file my_file28.pdb (PDB, C-alpha atoms and all ligand atoms)
MODEL        1
ATOM      1  CA  MET P   7       9.994  26.036 -14.343
ATOM      2  CA  PRO P   8       6.343  27.027 -14.175
ATOM      3  CA  ALA P   9       5.473  30.696 -14.473
ATOM      4  CA  ARG P  10       3.028  30.379 -11.578
ATOM      5  CA  ALA P  11       0.823  28.038  -9.602
ATOM      6  CA  THR P  12      -2.861  28.621  -8.815
ATOM      7  CA  ASP P  13      -5.005  26.913  -6.187
ATOM      8  CA  CYS P  14      -8.252  25.756  -7.784
ATOM      9  CA  SER P  15     -10.152  24.005  -5.016
ATOM     10  CA  ARG P  16      -9.816  22.707  -1.514
ATOM     11  CA  HIS P  17     -11.899  20.090   0.328
ATOM     12  CA  THR P  18     -11.897  18.568   3.753
ATOM     13  CA  LEU P  19     -13.849  15.332   3.633
ATOM     14  CA  SER P  20     -16.625  14.705   6.064
ATOM     15  CA  THR P  21     -18.326  11.794   4.324
ATOM     16  CA  PRO P  22     -19.723   9.411   6.927
ATOM     17  CA  THR P  23     -17.878   6.095   6.695
ATOM     18  CA  PRO P  24     -16.879   3.615   9.394
ATOM     19  CA  THR P  25     -13.982   6.016   9.823
ATOM     20  CA  ARG P  26     -14.216   9.294  11.752
ATOM     21  CA  PHE P  27     -13.262  12.382   9.771
ATOM     22  CA  THR P  28     -12.564  15.720  11.328
ATOM     23  CA  SER P  29     -13.062  18.956   9.456
ATOM     24  CA  SER P  30     -10.791  21.032  11.649
ATOM     25  CA  PRO P  31      -8.543  23.296   9.555
ATOM     26  CA  THR P  32      -5.808  22.964  12.170
ATOM     27  CA  PRO P  33      -3.641  19.948  13.003
ATOM     28  CA  ALA P  34      -5.260  17.321  15.210
ATOM     29  CA  THR P  35      -4.675  17.745  18.907
ATOM     30  CA  THR P  36      -4.915  14.004  19.559
ATOM     31  CA  SER P  37      -1.971  12.946  21.704
ATOM     32  CA  ALA P  38      -0.174   9.666  21.203
ATOM     33  CA  ASN P  39      -1.931   8.241  24.240
ATOM     34  CA  SER P  40      -5.451   9.551  23.786
ATOM     35  CA  SER P  41      -6.775   6.771  21.532
ATOM     36  CA  PRO P  42      -7.516   3.370  22.979
ATOM     37  CA  PRO P  43      -5.079   0.677  21.839
ATOM     38  CA  SER P  44      -6.643  -0.924  18.780
ATOM     39  CA  ARG P  45      -4.329  -3.912  18.560
ATOM     40  CA  LEU P  46      -1.854  -5.974  20.471
ATOM     41  CA  MET P  47       1.898  -5.707  20.061
ATOM     42  CA  SER P  48       1.935  -9.442  19.418
ATOM     43  CA  GLU P  49      -0.475  -9.178  16.482
ATOM     44  CA  SER P  50      -0.003 -12.044  14.034
ATOM     45  CA  PRO P  51       1.791 -11.545  10.701
ATOM     46  CA  ALA P  52       0.066  -9.799   7.813
ATOM     47  CA  PRO P  53      -2.634 -11.884   6.150
ATOM     48  CA  PHE P  54      -1.621 -10.267   2.874
ATOM     49  CA  PRO P  55       0.860 -11.692   0.410
ATOM     50  CA  PRO P  56       3.786  -9.347  -0.284
ATOM     51  CA  SER P  57       2.768  -6.312  -2.301
ATOM     52  CA  PRO P  58       3.294  -6.822  -6.009
ATOM     53  CA  ALA P  59       6.145  -4.841  -7.493
ATOM     54  CA  ARG P  60       5.326  -1.965  -9.805
ATOM     55  CA  PRO P  61       7.301  -1.552 -13.016
ATOM     56  CA  SER P  62      10.724  -0.070 -12.195
ATOM     57  CA  LEU P  63      10.677   3.684 -11.804
ATOM     58  CA  ALA P  64      13.466   6.030 -12.867
ATOM     59  CA  PHE P  65      13.937   7.680  -9.443
ATOM     60  CA  ASP P  66      17.332   6.056  -8.848
ATOM     61  CA  ARG P  67      18.660   7.439 -12.143
ATOM     62  CA  LYS P  68      17.304  10.915 -11.496
ATOM     63  CA  ALA P  69      18.441  11.453  -7.908
ATOM     64  CA  GLY P  70      20.928  14.098  -9.126
ATOM     65  CA  SER P  71      18.306  16.160 -10.970
ATOM     66  CA  TYR P  72      15.319  15.529  -8.709
ATOM     67  CA  ASP P  73      15.625  18.659  -6.570
ATOM     68  CA  VAL P  74      15.878  20.944  -9.602
ATOM     69  CA  HIS P  75      12.595  19.658 -11.019
ATOM     70  CA  ALA P  76      10.584  18.674  -7.942
ATOM     71  CA  HIS P  77       8.752  21.955  -7.299
ATOM     72  CA  VAL P  78       5.341  20.211  -7.177
ATOM     73  CA  GLN P  79       6.667  17.713  -4.618
ATOM     74  CA  ARG P  80       8.220  20.553  -2.583
ATOM     75  CA  ASP P  81       4.879  22.386  -2.457
ATOM     76  CA  THR P  82       3.139  19.147  -1.479
ATOM     77  CA  ALA P  83       5.644  18.466   1.302
ATOM     78  CA  ALA P  84       5.227  21.963   2.773
ATOM     79  CA  TRP P  85       1.424  21.650   2.712
ATOM     80  CA  VAL P  86       1.400  18.165   4.253
ATOM     81  CA  ALA P  87       3.889  19.304   6.911
ATOM     82  CA  GLU P  88       1.258  21.728   8.246
ATOM     83  CA  TRP P  89      -0.312  18.640   9.852
ATOM     84  CA  LEU P  90       2.841  17.416  11.578
ATOM     85  CA  PRO P  91       2.663  17.272  15.374
ATOM     86  CA  PRO P  92       4.700  19.773  17.390
ATOM     87  CA  ALA P  93       8.231  18.729  18.339
ATOM     88  CA  GLY P  94       8.210  16.487  21.390
ATOM     89  CA  THR P  95       4.781  14.919  20.788
ATOM     90  CA  PHE P  96       6.285  11.701  19.417
ATOM     91  CA  ALA P  97       9.836  10.338  19.758
ATOM     92  CA  THR P  98      10.478   7.960  16.844
ATOM     93  CA  CYS P  99       9.550   8.400  13.187
ATOM     94  CA  LEU P 100      10.077   6.201  10.138
ATOM     95  CA  GLU P 101       9.712   7.862   6.732
ATOM     96  CA  PHE P 102       9.125   5.840   3.560
ATOM     97  CA  GLY P 103      10.079   6.970   0.042
ATOM     98  CA  ALA P 104      12.048   9.916   1.415
ATOM     99  CA  GLY P 105      13.833  10.599  -1.888
ATOM    100  CA  THR P 106      16.336  13.434  -1.453
ATOM    101  CA  GLY P 107      14.611  14.699   1.698
ATOM    102  CA  ASN P 108      11.873  17.118   0.594
ATOM    103  CA  PHE P 109       9.606  15.979   3.411
ATOM    104  CA  THR P 110      12.449  14.839   5.697
ATOM    105  CA  ARG P 111      13.355  18.523   6.014
ATOM    106  CA  HIS P 112      10.035  19.087   7.813
ATOM    107  CA  LEU P 113      10.328  15.956   9.969
ATOM    108  CA  GLU P 114      13.902  16.528  11.107
ATOM    109  CA  SER P 115      13.275  18.881  14.038
ATOM    110  CA  ARG P 116      10.124  17.180  15.347
ATOM    111  CA  PHE P 117      11.349  13.729  16.358
ATOM    112  CA  THR P 118      14.240  12.641  18.537
ATOM    113  CA  GLN P 119      14.889   9.632  16.275
ATOM    114  CA  LEU P 120      14.103   9.969  12.591
ATOM    115  CA  GLU P 121      14.924   7.240  10.065
ATOM    116  CA  ALA P 122      14.439   8.266   6.431
ATOM    117  CA  THR P 123      14.264   5.424   3.905
ATOM    118  CA  ASP P 124      13.949   4.883   0.176
ATOM    119  CA  HIS P 125      14.448   1.891  -2.091
ATOM    120  CA  ALA P 126      16.566   3.882  -4.557
ATOM    121  CA  PRO P 127      20.220   3.827  -3.384
ATOM    122  CA  ALA P 128      21.080   7.054  -5.217
ATOM    123  CA  MET P 129      18.179   8.862  -3.506
ATOM    124  CA  VAL P 130      19.372   7.621  -0.106
ATOM    125  CA  ALA P 131      22.908   8.846  -0.924
ATOM    126  CA  GLN P 132      21.590  12.304  -1.895
ATOM    127  CA  GLY P 133      19.395  12.487   1.192
ATOM    128  CA  ARG P 134      22.258  11.523   3.478
ATOM    129  CA  LEU P 135      24.385  14.334   2.023
ATOM    130  CA  ALA P 136      21.628  16.915   2.459
ATOM    131  CA  PHE P 137      20.458  15.805   5.932
ATOM    132  CA  PRO P 138      23.439  14.149   7.644
ATOM    133  CA  SER P 139      21.918  14.231  11.136
ATOM    134  CA  VAL P 140      19.092  11.919   9.989
ATOM    135  CA  THR P 141      19.567   8.120   9.879
ATOM    136  CA  TRP P 142      19.197   6.980   6.247
ATOM    137  CA  SER P 143      18.650   3.454   4.933
ATOM    138  CA  GLU P 144      17.397   1.560   1.908
ATOM    139  CA  ARG P 145      13.938   0.097   2.440
ATOM    140  CA  ASP P 146      11.113  -1.273   0.281
ATOM    141  CA  ALA P 147       8.122   0.765   1.448
ATOM    142  CA  TRP P 148       5.619  -1.816   0.242
ATOM    143  CA  ASN P 149       7.094  -4.713   2.239
ATOM    144  CA  PRO P 150       9.083  -3.343   5.195
ATOM    145  CA  ALA P 151      10.643  -6.036   7.390
ATOM    146  CA  ASP P 152      10.789  -3.888  10.561
ATOM    147  CA  PRO P 153       9.490  -5.349  13.830
ATOM    148  CA  ALA P 154       5.876  -4.557  14.749
ATOM    149  CA  GLY P 155       4.941  -1.920  17.283
ATOM    150  CA  THR P 156       8.294  -0.159  17.388
ATOM    151  CA  ARG P 157       7.575   3.341  16.007
ATOM    152  CA  ASP P 158       5.551   6.304  17.215
ATOM    153  CA  PHE P 159       5.073   7.910  13.820
ATOM    154  CA  VAL P 160       5.198   6.741  10.196
ATOM    155  CA  ALA P 161       5.324   9.321   7.407
ATOM    156  CA  SER P 162       5.500   9.512   3.628
ATOM    157  CA  CYS P 163       5.015  12.161   0.975
ATOM    158  CA  SER P 164       4.457  11.823  -2.786
ATOM    159  CA  VAL P 165       4.910   8.033  -2.623
ATOM    160  CA  LEU P 166       1.738   6.076  -1.848
ATOM    161  CA  GLN P 167       0.072   6.795  -5.188
ATOM    162  CA  TRP P 168       2.506   4.259  -6.683
ATOM    163  CA  ALA P 169       1.331   1.439  -4.368
ATOM    164  CA  ALA P 170      -0.407  -1.372  -6.239
ATOM    165  CA  ASP P 171      -1.955  -2.715  -3.043
ATOM    166  CA  PRO P 172      -2.827   0.223  -0.719
ATOM    167  CA  VAL P 173      -4.626  -1.825   1.960
ATOM    168  CA  GLY P 174      -1.766  -4.332   2.229
ATOM    169  CA  VAL P 175       0.866  -1.575   2.405
ATOM    170  CA  LEU P 176      -1.104   0.465   4.935
ATOM    171  CA  THR P 177      -1.720  -2.621   7.076
ATOM    172  CA  ARG P 178       2.033  -3.239   7.198
ATOM    173  CA  TRP P 179       2.700   0.410   8.039
ATOM    174  CA  ARG P 180       0.082   0.410  10.809
ATOM    175  CA  ARG P 181       1.668  -2.649  12.374
ATOM    176  CA  LEU P 182       4.982  -0.833  12.678
ATOM    177  CA  LEU P 183       3.291   1.687  14.954
ATOM    178  CA  ARG P 184       2.805   1.438  18.682
ATOM    179  CA  PRO P 185      -0.859   1.524  19.730
ATOM    180  CA  GLY P 186      -1.915   5.172  19.495
ATOM    181  CA  GLY P 187       0.955   5.947  17.116
ATOM    182  CA  ARG P 188       0.180   8.199  14.189
ATOM    183  CA  HIS P 189       0.598   8.207  10.445
ATOM    184  CA  LEU P 190       0.740  11.154   8.026
ATOM    185  CA  SER P 191       0.964  10.910   4.232
ATOM    186  CA  GLY P 192       0.792  13.208   1.234
ATOM    187  CA  ILE P 193      -0.636  11.447  -1.833
ATOM    188  CA  TYR P 194      -1.523  12.592  -5.358
ATOM    189  CA  ILE P 195      -5.121  11.767  -6.186
ATOM    190  CA  ALA P 196      -7.612  12.299  -9.022
ATOM    191  CA  PRO P 197      -7.629  14.655 -10.816
ATOM    192  CA  SER P 198      -3.858  14.743 -11.296
ATOM    193  CA  LEU P 199      -2.357  15.313 -14.728
ATOM    194  CA  PRO P 200      -5.785  14.785 -16.379
ATOM    195  CA  GLU P 201      -4.426  16.711 -19.364
ATOM    196  CA  PHE P 202      -2.035  13.814 -20.112
ATOM    197  CA  GLY P 203      -4.589  11.185 -19.163
ATOM    198  CA  ALA P 204      -6.936  12.354 -21.890
ATOM    199  CA  LEU P 205      -4.263  12.558 -24.590
ATOM    200  CA  ILE P 206      -2.371   9.363 -23.862
ATOM    201  CA  PRO P 207      -4.583   7.076 -21.712
ATOM    202  CA  GLU P 208      -2.599   3.955 -22.614
ATOM    203  CA  ARG P 209       0.446   5.311 -20.720
ATOM    204  CA  ARG P 210      -1.268   5.903 -17.406
ATOM    205  CA  PRO P 211       1.148   4.233 -14.908
ATOM    206  CA  PHE P 212      -1.616   3.568 -12.331
ATOM    207  CA  PRO P 213      -5.207   4.597 -11.681
ATOM    208  CA  TRP P 214      -5.372   7.863  -9.708
ATOM    209  CA  ARG P 215      -7.496   7.072  -6.668
ATOM    210  CA  THR P 216      -9.903   9.474  -4.972
ATOM    211  CA  ALA P 217      -9.622  10.841  -1.429
ATOM    212  CA  ASP P 218     -12.607   8.715  -0.468
ATOM    213  CA  GLU P 219     -10.933   5.562  -1.816
ATOM    214  CA  TRP P 220      -7.810   6.373   0.194
ATOM    215  CA  SER P 221      -9.731   6.973   3.400
ATOM    216  CA  LYS P 222     -11.499   3.642   2.933
ATOM    217  CA  SER P 223      -8.136   1.929   2.406
ATOM    218  CA  PHE P 224      -6.839   3.449   5.664
ATOM    219  CA  SER P 225      -9.957   2.267   7.425
ATOM    220  CA  ALA P 226      -9.657  -1.253   5.944
ATOM    221  CA  ALA P 227      -6.028  -1.327   7.120
ATOM    222  CA  GLY P 228      -7.214  -0.803  10.690
ATOM    223  CA  PHE P 229      -6.434   2.886  11.152
ATOM    224  CA  THR P 230      -8.855   5.097  13.097
ATOM    225  CA  ASP P 231      -9.367   8.841  13.565
ATOM    226  CA  ILE P 232      -8.762   9.434   9.873
ATOM    227  CA  ARG P 233      -8.566  13.016   8.733
ATOM    228  CA  VAL P 234      -8.377  13.915   5.035
ATOM    229  CA  ASP P 235      -7.905  17.166   3.160
ATOM    230  CA  THR P 236      -7.355  17.875  -0.550
ATOM    231  CA  LYS P 237      -6.125  20.756  -2.662
ATOM    232  CA  THR P 238      -6.188  21.060  -6.438
ATOM    233  CA  ARG P 239      -3.529  23.260  -7.945
ATOM    234  CA  GLU P 240      -2.719  24.285 -11.494
ATOM    235  CA  TYR P 241       0.896  24.827 -12.575
ATOM    236  CA  ILE P 242       1.527  26.901 -15.694
ATOM    237  CA  TYR P 243       4.512  26.045 -17.919
ATOM    238  CA  PRO P 244       5.875  28.029 -20.846
ATOM    239  CA  THR P 245       5.562  24.977 -23.144
ATOM    240  CA  ALA P 246       4.409  21.351 -23.061
ATOM    241  CA  ARG P 247       8.044  20.381 -23.608
ATOM    242  CA  ALA P 248       9.060  22.257 -20.428
ATOM    243  CA  LEU P 249       6.365  20.383 -18.506
ATOM    244  CA  MET P 250       7.563  17.039 -19.899
ATOM    245  CA  ARG P 251      11.164  17.908 -19.005
ATOM    246  CA  GLN P 252      10.103  18.628 -15.430
ATOM    247  CA  LEU P 253       8.260  15.290 -15.111
ATOM    248  CA  HIS P 254      11.212  13.361 -16.536
ATOM    249  CA  GLY P 255      13.689  15.268 -14.350
ATOM    250  CA  THR P 256      12.018  13.961 -11.186
ATOM    251  CA  GLY P 257      12.285  10.333 -12.334
ATOM    252  CA  ALA P 258       8.527   9.749 -12.172
ATOM    253  CA  THR P 259       8.686   7.615 -15.302
ATOM    254  CA  ILE P 260       8.890   3.909 -16.027
ATOM    255  CA  VAL P 261      12.323   2.493 -16.805
ATOM    256  CA  GLY P 262      12.671   0.763 -20.178
ATOM    257  CA  ALA P 263       9.450   2.068 -21.676
ATOM    258  CA  PRO P 264      10.321   5.327 -23.435
ATOM    259  CA  LEU P 265       7.755   6.910 -25.714
ATOM    260  CA  ALA P 266       8.643   6.430 -29.367
ATOM    261  CA  ALA P 267      10.073   9.703 -30.691
ATOM    262  CA  GLY P 268       7.180  10.150 -33.112
ATOM    263  CA  ARG P 269       4.609   9.567 -30.396
ATOM    264  CA  LEU P 270       6.323  12.116 -28.134
ATOM    265  CA  VAL P 271       6.242  14.740 -30.865
ATOM    266  CA  THR P 272       2.519  14.083 -31.444
ATOM    267  CA  LEU P 273       1.792  14.195 -27.738
ATOM    268  CA  LEU P 274       3.537  17.533 -27.209
ATOM    269  CA  ARG P 275       1.853  18.993 -30.277
ATOM    270  CA  ASP P 276      -1.580  17.811 -29.091
ATOM    271  CA  TYR P 277      -0.947  19.129 -25.580
ATOM    272  CA  GLU P 278      -0.157  22.561 -27.015
ATOM    273  CA  ARG P 279      -3.168  22.471 -29.329
ATOM    274  CA  VAL P 280      -5.660  21.436 -26.631
ATOM    275  CA  HIS P 281      -4.302  23.289 -23.584
ATOM    276  CA  ARG P 282      -2.394  26.367 -24.794
ATOM    277  CA  ARG P 283      -3.640  29.606 -23.152
ATOM    278  CA  ALA P 284      -2.339  33.153 -23.099
ATOM    279  CA  ASP P 285      -0.234  32.489 -19.979
ATOM    280  CA  GLY P 286       1.200  29.085 -21.024
ATOM    281  CA  VAL P 287       0.091  25.460 -20.707
ATOM    282  CA  PRO P 288      -1.419  24.135 -17.454
ATOM    283  CA  ALA P 289      -0.843  20.894 -15.585
ATOM    284  CA  THR P 290      -3.287  20.040 -12.798
ATOM    285  CA  TRP P 291      -2.277  18.257  -9.596
ATOM    286  CA  THR P 292      -4.491  17.302  -6.676
ATOM    287  CA  PHE P 293      -2.751  16.808  -3.344
ATOM    288  CA  CYS P 294      -4.289  14.828  -0.522
ATOM    289  CA  ARG P 295      -3.027  14.887   3.070
ATOM    290  CA  ILE P 296      -4.237  12.099   5.271
ATOM    291  CA  GLU P 297      -3.592  11.521   8.950
ATOM    292  CA  ALA P 298      -4.620   8.447  10.934
ATOM    293  CA  VAL P 299      -4.103   6.747  14.270
ATOM    294  CA  ALA P 300      -2.962   3.132  14.735
TER     295      ALA P 300
HETATM  296  C1  LIG Q 401       8.144  11.476  -6.025
HETATM  297  S1  LIG Q 401       9.457  10.895  -5.022
HETATM  298  C2  LIG Q 401       9.078  11.652  -3.437
HETATM  299  C3  LIG Q 401      10.315  11.875  -2.631
HETATM  300  C4  LIG Q 401      10.106  12.699  -1.365
HETATM  301  N1  LIG Q 401       9.275  11.987  -0.399
HETATM  302  C5  LIG Q 401       9.507  14.037  -1.674
HETATM  303  O1  LIG Q 401       8.527  14.417  -1.018
HETATM  304  O2  LIG Q 401      10.038  14.711  -2.561
HETATM  305  C6  LIG Q 401       8.994   9.209  -4.731
HETATM  306  C7  LIG Q 401      10.071   8.458  -3.975
HETATM  307  O3  LIG Q 401       9.510   7.217  -3.564
HETATM  308  C8  LIG Q 401      10.487   6.216  -3.765
HETATM  309  N2  LIG Q 401       9.780   4.939  -3.909
HETATM  310  C9  LIG Q 401       8.916   4.559  -4.864
HETATM  311  N3  LIG Q 401       8.500   3.298  -4.642
HETATM  312  C10 LIG Q 401       9.129   2.882  -3.506
HETATM  313  C11 LIG Q 401       9.128   1.682  -2.750
HETATM  314  N4  LIG Q 401       8.409   0.615  -3.118
HETATM  315  N5  LIG Q 401       9.888   1.617  -1.639
HETATM  316  C12 LIG Q 401      10.636   2.666  -1.237
HETATM  317  N6  LIG Q 401      10.700   3.830  -1.911
HETATM  318  C13 LIG Q 401       9.945   3.943  -3.022
HETATM  319  C14 LIG Q 401      11.250   6.644  -5.000
HETATM  320  O4  LIG Q 401      12.525   6.043  -5.085
HETATM  321  C15 LIG Q 401      11.298   8.146  -4.802
HETATM  322  O5  LIG Q 401      12.456   8.544  -4.122
ENDMDL
END

call {"tool": "encode", "arguments": {"input": "my_file28.pdb", "output": "structure tokens", "more": "lines below"}}
Ligand SMILES: C[S@@+](CC[C@H](N)C(=O)[O-])C[C@H]1O[C@@H](n2cnc3c(N)ncnc32)[C@H](O)[C@@H]1O
result
Amino acid sequence: MPARATDCSRHTLSTPTPTRFTSSPTPATTSANSSPPSRLMSESPAPFPPSPARPSLAFDRKAGSYDVHAHVQRDTAAWVAEWLPPAGTFATCLEFGAGTGNFTRHLESRFTQLEATDHAPAMVAQGRLAFPSVTWSERDAWNPADPAGTRDFVASCSVLQWAADPVGVLTRWRRLLRPGGRHLSGIYIAPSLPEFGALIPERRPFPWRTADEWSKSFSAAGFTDIRVDTKTREYIYPTARALMRQLHGTGATIVGAPLAAGRLVTLLRDYERVHRRADGVPATWTFCRIEAVA
């Protein structure tokens, strides 16, 4: 476990784009009915081909150890949850990539019907045990087959950064919403784990996008009233090995592509050499919370 976490910087975007950003530090007061309908319930099917699959991730194998190691994801979920609407604002919510329920915990009391989903069966099983009053199901977040216009709220936390095709995925998610429905996501953005990126660039599982790139993807997917906020935080670990153990324990690794033992030893040694300080070794994460209206 990290000795401590330090907030390094915090930004609310206000870059002028076709999208409207708000810089309010408090949750939006927009009600579900205050935005004009931006689409018809009978909108035609997505013009996008199905999202390409990413390499298999180890989340299903690590469902049993996820909660022990997921302190970064827990912090992210609590921070993103600050932007959730008060209970009673919206009735139905669909959560993607719910894992064991880190973010579900914050959603549970705010919606009358909450469905938490994940594509990893073992994560769904863990989540169901921890939050039995929530409806749980297996679902591919990138290509959900749910009918259009049937939800008031769509949520996700610590998931979207894995999407290979953000505009396609977000377009599908928007279509699940009723006109005026709302979306809230927590996403890791650049700079996240830059310490590893510099030492082992060939193993980067995906390009970390920026907050601006994400807001443009939301806009391209047809969302409006987009509000974005970021926070960069440094976590200090006793050793590079402890940091690596934490990352592996959450399952955020690619199945079938282990680092050769020699390469792992070199990586940990280099991490210590480059990043060791008096209080330990740091790992930087940047969280982004993004809210938008369908
Ligand atoms: C880092 S965990 C986050 C879990 C939880 N939302 C949290 O805040 O702790 C990412 C989760 O997304 C799920 N996931 C990744 N890709 C997915 C996909 N295409 N469809 C559904 N779930 C997916 C994984 O199985 C995993 O449970």

call {"tool": "closest_residue", "arguments": {"input": "my_file28.pdb", "among": "P:Leu135, P:Ala169, P:Ala84, P:Ala151", "to": "Phe212 (chain P)", "atoms": "all atoms listed in the file"}}
result
P:Ala169

call {"tool": "atom_distance", "arguments": {"input": "my_file28.pdb", "atom1": "CA of Pro150 (chain P)", "atom2": "CA of Arg178 (chain P)"}}
result
7.3 Å

call {"tool": "axis_aligned_box", "arguments": {"input": "my_file28.pdb", "around": "region 147-160 of chain P", "padding_each_side": "5 Å", "output": "JSON"}}
result
{"center_x": 7.9, "center_y": 0.9, "center_z": 8.8, "size_x": 15.8, "size_y": 23.9, "size_z": 27.1}

call {"tool": "residues_near_point", "arguments": {"input": "my_file28.pdb", "point": "(19.2, 8.2, -5.5)", "cutoff": "8 Å", "atoms": "all atoms listed in the file", "output": "list of chain:residue names"}}
result
P:Phe65, P:Asp66, P:Arg67, P:Lys68, P:Ala69, P:Gly70, P:Gly105, P:Thr106, P:Ala126, P:Pro127, P:Ala128, P:Met129, P:Val130, P:Ala131, P:Gln132, P:Gly133

call {"tool": "closest_residue", "arguments": {"input": "my_file28.pdb", "among": "P:Ala170, P:Ala76, P:Leu265, P:Val140", "to": "Ile206 (chain P)", "atoms": "only C-alpha atoms"}}
result
P:Leu265

call {"tool": "closest_atom_pairs", "arguments": {"input": "my_file28.pdb", "of": "chain P", "to": "ligand LIG 401 (chain Q)", "cutoff": "9 Å", "atoms": "only C-alpha atoms and all ligand atoms", "output": "tab-separated table"}}
result
residue	atom	partner	partner_atom	distance
P:Ser57	CA	Q:LIG401	N4	9.0
P:Ala59	CA	Q:LIG401	N4	7.4
P:Arg60	CA	Q:LIG401	N4	7.8
P:Ser62	CA	Q:LIG401	N3	8.6
P:Leu63	CA	Q:LIG401	C9	7.2
P:Ala64	CA	Q:LIG401	O4	7.8
P:Phe65	CA	Q:LIG401	O4	4.9
P:Asp66	CA	Q:LIG401	O4	6.1
P:Ala69	CA	Q:LIG401	O5	7.7
P:Tyr72	CA	Q:LIG401	O2	8.1
P:Asp73	CA	Q:LIG401	O2	7.9
P:Ala76	CA	Q:LIG401	O2	6.7
P:His77	CA	Q:LIG401	O2	8.8
P:Val78	CA	Q:LIG401	O2	8.6
P:Gln79	CA	Q:LIG401	O2	5.0
P:Arg80	CA	Q:LIG401	O2	6.1
P:Asp81	CA	Q:LIG401	O1	8.9
P:Thr82	CA	Q:LIG401	O1	7.2
P:Ala83	CA	Q:LIG401	O1	5.5
P:Glu101	CA	Q:LIG401	N1	8.2
P:Phe102	CA	Q:LIG401	C12	5.9
P:Gly103	CA	Q:LIG401	O3	3.7
P:Ala104	CA	Q:LIG401	N1	3.9
P:Gly105	CA	Q:LIG401	O5	3.3
P:Thr106	CA	Q:LIG401	C4	6.3
P:Gly107	CA	Q:LIG401	C4	5.8
P:Asn108	CA	Q:LIG401	O2	4.4
P:Phe109	CA	Q:LIG401	O1	4.8
P:Thr110	CA	Q:LIG401	N1	7.4
P:Thr123	CA	Q:LIG401	C12	6.9
P:Asp124	CA	Q:LIG401	N6	4.0
P:His125	CA	Q:LIG401	C12	4.0
P:Ala126	CA	Q:LIG401	O4	4.6
P:Pro127	CA	Q:LIG401	O4	8.2
P:Ala128	CA	Q:LIG401	O4	8.6
P:Met129	CA	Q:LIG401	O5	5.8
P:Val130	CA	Q:LIG401	O5	8.1
P:Glu144	CA	Q:LIG401	C12	7.5
P:Arg145	CA	Q:LIG401	C12	5.6
P:Asp146	CA	Q:LIG401	N5	3.7
P:Ala147	CA	Q:LIG401	N5	3.7
P:Trp148	CA	Q:LIG401	N4	5.0
P:Asn149	CA	Q:LIG401	N4	7.7
P:Pro150	CA	Q:LIG401	N5	8.5
P:Ser162	CA	Q:LIG401	N1	6.0
P:Cys163	CA	Q:LIG401	N1	4.5
P:Ser164	CA	Q:LIG401	C2	4.7
P:Val165	CA	Q:LIG401	C6	4.7
P:Leu166	CA	Q:LIG401	N3	7.8
P:Trp168	CA	Q:LIG401	N3	6.4
P:Ala169	CA	Q:LIG401	N4	7.2
P:Gly192	CA	Q:LIG401	O1	8.1
P:Thr256	CA	Q:LIG401	C1	6.9
P:Gly257	CA	Q:LIG401	C1	7.6
P:Ala258	CA	Q:LIG401	C1	6.4

call {"tool": "resolve_selection", "arguments": {"input": "my_file28.pdb", "expression": "the PyMOL selection byres (((chain P and resi 176) around 10) and not hetatm)", "output": "list of chain:residue names"}}
result
P:Ala147, P:Trp148, P:Leu166, P:Ala169, P:Asp171, P:Pro172, P:Val173, P:Gly174, P:Val175, P:Thr177, P:Arg178, P:Trp179, P:Arg180, P:Arg181, P:Leu182, P:His189, P:Ser223, P:Phe224, P:Ser225, P:Ala226, P:Ala227, P:Gly228, P:Phe229

call {"tool": "atom_distance", "arguments": {"input": "my_file28.pdb", "atom1": "CA of Thr98 (chain P)", "atom2": "CA of Thr292 (chain P)"}}
result
29.4 Å

call {"tool": "closest_residue", "arguments": {"input": "my_file28.pdb", "among": "P:Thr156, P:Ser115, P:Ser139, P:Thr272", "to": "Leu100 (chain P)", "atoms": "only C-alpha atoms"}}
result
P:Thr156

call {"tool": "closest_residue", "arguments": {"input": "my_file28.pdb", "among": "P:Arg282, P:Arg215, P:Arg209, P:Arg275", "to": "Ile195 (chain P)", "atoms": "all atoms listed in the file"}}
result
P:Arg215

call {"tool": "atom_distance", "arguments": {"input": "my_file28.pdb", "atom1": "CA of Trp291 (chain P)", "atom2": "CA of Thr230 (chain P)"}}
result
27.0 Å

call {"tool": "closest_residue", "arguments": {"input": "my_file28.pdb", "among": "P:Ala217, P:Val160, P:Val271, P:Ala11", "to": "Thr236 (chain P)", "atoms": "all atoms listed in the file"}}
result
P:Ala217

call {"tool": "decode", "arguments": {"input": "my_file28.pdb", "residues": "region 181-198 of chain P", "atoms": "C-alpha atoms", "output": "CSV table (one decimal), in the first residue's frame"}}
result
chain,number,residue,atom,x,y,z
P,181,ARG,CA,-28.4,6.3,-27.6
P,182,LEU,CA,-29.3,4.3,-24.5
P,183,LEU,CA,-30.3,7.5,-22.8
P,184,ARG,CA,-33.7,9.2,-23.0
P,185,PRO,CA,-33.5,12.8,-24.4
P,186,GLY,CA,-32.1,14.9,-21.6
P,187,GLY,CA,-30.7,11.9,-19.8
P,188,ARG,CA,-27.2,12.3,-18.3
P,189,HIS,CA,-23.9,10.6,-18.4
P,190,LEU,CA,-21.1,10.6,-15.8
P,191,SER,CA,-17.7,9.0,-16.2
P,192,GLY,CA,-14.3,8.8,-14.4
P,193,ILE,CA,-11.4,8.3,-16.8
P,194,TYR,CA,-7.7,8.1,-16.4
P,195,ILE,CA,-5.9,10.6,-18.8
P,196,ALA,CA,-2.4,11.8,-19.5
P,197,PRO,CA,-0.3,12.0,-17.5
P,198,SER,CA,-1.0,8.7,-15.9
